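Here the structure comes first, spelled out in structure tokens, and everything after it is commentary.
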Amino acid sequence: MTLALETTDLTVQLQLADGWFTVCDLSTLVPGRGVAALLPDGRQAAVFRDRADRLYAVDNRDPFTGAAVLSRGLTGSHEGRPFVASPLLKQRFDLAGGQCLDDATVRVATYEVRAAPRSLD
């Protein structure tokens with residue numbers, strides 16, 4: 001069976017130092033899964049859409065291994081906090097604040113993220 005992709009005029013944008021950066025169309029984000037986005041400075045962000053249509057973005061680099069894999073991690077929640085678990089060593093990172101739920105001394109960067117109308121430019 002082939003499913004039609006959701007169509008929308010919304011894009012996903014991350015707040016960077018010099019303004020909002022468009023990552024992808026909102027319709028490309030599957031709830032519960034992440035995507036990796038290459039940022040203008042060469043870093044990567046892991047962007048997530050949850051089943052309640054909330055958006056999150058964290059650094060894609062796993063601080064325990066150095067691998068850019070968090071976008072491929074499993075999402076879930078612990079005590080009401082949404083997290084992504086690294087696919088390598090399974091540490092969980094709070095998607096809202098970046099704090100590692102398994103080691104309080106470690107965190108990943110987070111990005112402000114929004115869904116915005118597609119620019120006509």
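Note on naming: chains are A, B, ... as they come in the structure tokens, residues start from 1 per chain, ligands start from 1 in the order shown.
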
Which polymer residues have any atom within 12 Å of an atom of Gln99 (chain A), counting only C-alpha atoms, with same-chain residues fewer than 2 positions away left out, as a short mmCIF file (atom, residue, chain, number, x, y, z; two decimals) with N, CA and C atoms, in the first residue's frame?
```
data_model
loop_
_atom_site.label_atom_id
_atom_site.label_comp_id
_atom_site.auth_asym_id
_atom_site.auth_seq_id
_atom_site.Cartn_x
_atom_site.Cartn_y
_atom_site.Cartn_z
N VAL A 58 18.23 18.95 18.95
CA VAL A 58 19.43 18.85 19.79
C VAL A 58 20.63 18.62 18.89
N ASP A 59 21.81 18.78 19.45
CA ASP A 59 23.03 18.45 18.72
C ASP A 59 22.98 16.98 18.33
N PRO A 63 27.76 12.76 22.90
CA PRO A 63 28.95 13.18 23.64
C PRO A 63 29.75 12.02 24.24
N ARG A 81 9.23 13.69 30.75
CA ARG A 81 10.24 14.40 29.96
C ARG A 81 10.53 13.62 28.68
N PRO A 82 10.34 14.26 27.51
CA PRO A 82 10.65 13.57 26.25
C PRO A 82 12.16 13.40 26.11
N PHE A 83 12.58 12.26 25.61
CA PHE A 83 14.02 12.02 25.44
C PHE A 83 14.29 11.27 24.15
N VAL A 84 15.56 11.31 23.76
CA VAL A 84 16.08 10.45 22.71
C VAL A 84 17.19 9.62 23.35
N ALA A 85 17.19 8.32 23.08
CA ALA A 85 18.24 7.42 23.57
C ALA A 85 19.23 7.19 22.44
N GLN A 91 22.45 6.03 26.29
CA GLN A 91 22.19 7.14 27.21
C GLN A 91 21.02 7.95 26.67
N ARG A 92 20.20 8.44 27.58
CA ARG A 92 19.01 9.20 27.21
C ARG A 92 19.25 10.69 27.42
N PHE A 93 18.82 11.50 26.43
CA PHE A 93 18.99 12.95 26.49
C PHE A 93 17.63 13.61 26.42
N ASP A 94 17.36 14.49 27.38
CA ASP A 94 16.13 15.26 27.43
C ASP A 94 16.05 16.12 26.18
N LEU A 95 14.99 15.97 25.40
CA LEU A 95 14.87 16.72 24.15
C LEU A 95 14.61 18.21 24.39
N ALA A 96 14.01 18.56 25.50
CA ALA A 96 13.71 19.97 25.77
C ALA A 96 14.92 20.74 26.29
N GLY A 97 15.73 20.11 27.13
CA GLY A 97 16.84 20.82 27.75
C GLY A 97 18.22 20.28 27.46
N LEU A 101 19.89 12.07 31.00
CA LEU A 101 19.11 11.54 32.11
C LEU A 101 19.86 10.45 32.86
N ASP A 102 20.97 9.98 32.30
CA ASP A 102 21.74 8.90 32.91
C ASP A 102 23.06 9.36 33.50
N ASP A 103 23.46 10.59 33.24
CA ASP A 103 24.71 11.15 33.77
C ASP A 103 24.53 12.67 33.86
N ALA A 104 24.27 13.17 35.04
CA ALA A 104 23.95 14.59 35.24
C ALA A 104 25.07 15.53 34.84
N THR A 105 26.27 15.04 34.62
CA THR A 105 27.39 15.90 34.25
C THR A 105 27.48 16.13 32.73
N VAL A 106 26.60 15.49 31.97
CA VAL A 106 26.68 15.56 30.50
C VAL A 106 25.38 16.13 29.94
N ARG A 107 25.53 16.93 28.89
CA ARG A 107 24.36 17.46 28.19
C ARG A 107 24.72 17.70 26.73
N VAL A 108 23.70 17.81 25.91
CA VAL A 108 23.89 18.17 24.51
C VAL A 108 23.23 19.53 24.29
N ALA A 109 23.72 20.25 23.31
CA ALA A 109 23.14 21.55 22.97
C ALA A 109 21.73 21.36 22.43
N THR A 110 20.86 22.31 22.71
CA THR A 110 19.51 22.31 22.16
C THR A 110 19.33 23.54 21.29
#
```

| said: Neighbouring residues of Gln13 (chain A) were defined as those with any atom within 12 Å, considering only C-alpha atoms; residues of the same chain fewer than 6 positions away were excluded. Please report them as a ChimeraX atom specification. | reply: /A:19-26,37,39,45,47-48,55-57,111-119

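For chain A, backbone-based DSSP labels the following residues as helix (DSSP H, G or I): Leu26, Ser27, Thr28, Leu70, Ser71 and Arg72 of chain A.
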
| Atom pair CA of Leu70 (chain A) / CA of Ala36 (chain A): separation (Å) | 8.3 Å

| said: Please identify the strand (DSSP E or B) residues within chain A (assignment by DSSP from backbone atoms) and present them as a PyMOL selection string. | reply: chain A and resi 10-16+19-25+34-38+44-49+55-59+61+68+74-78+81-85+92-94+99-100+107+110+113-117
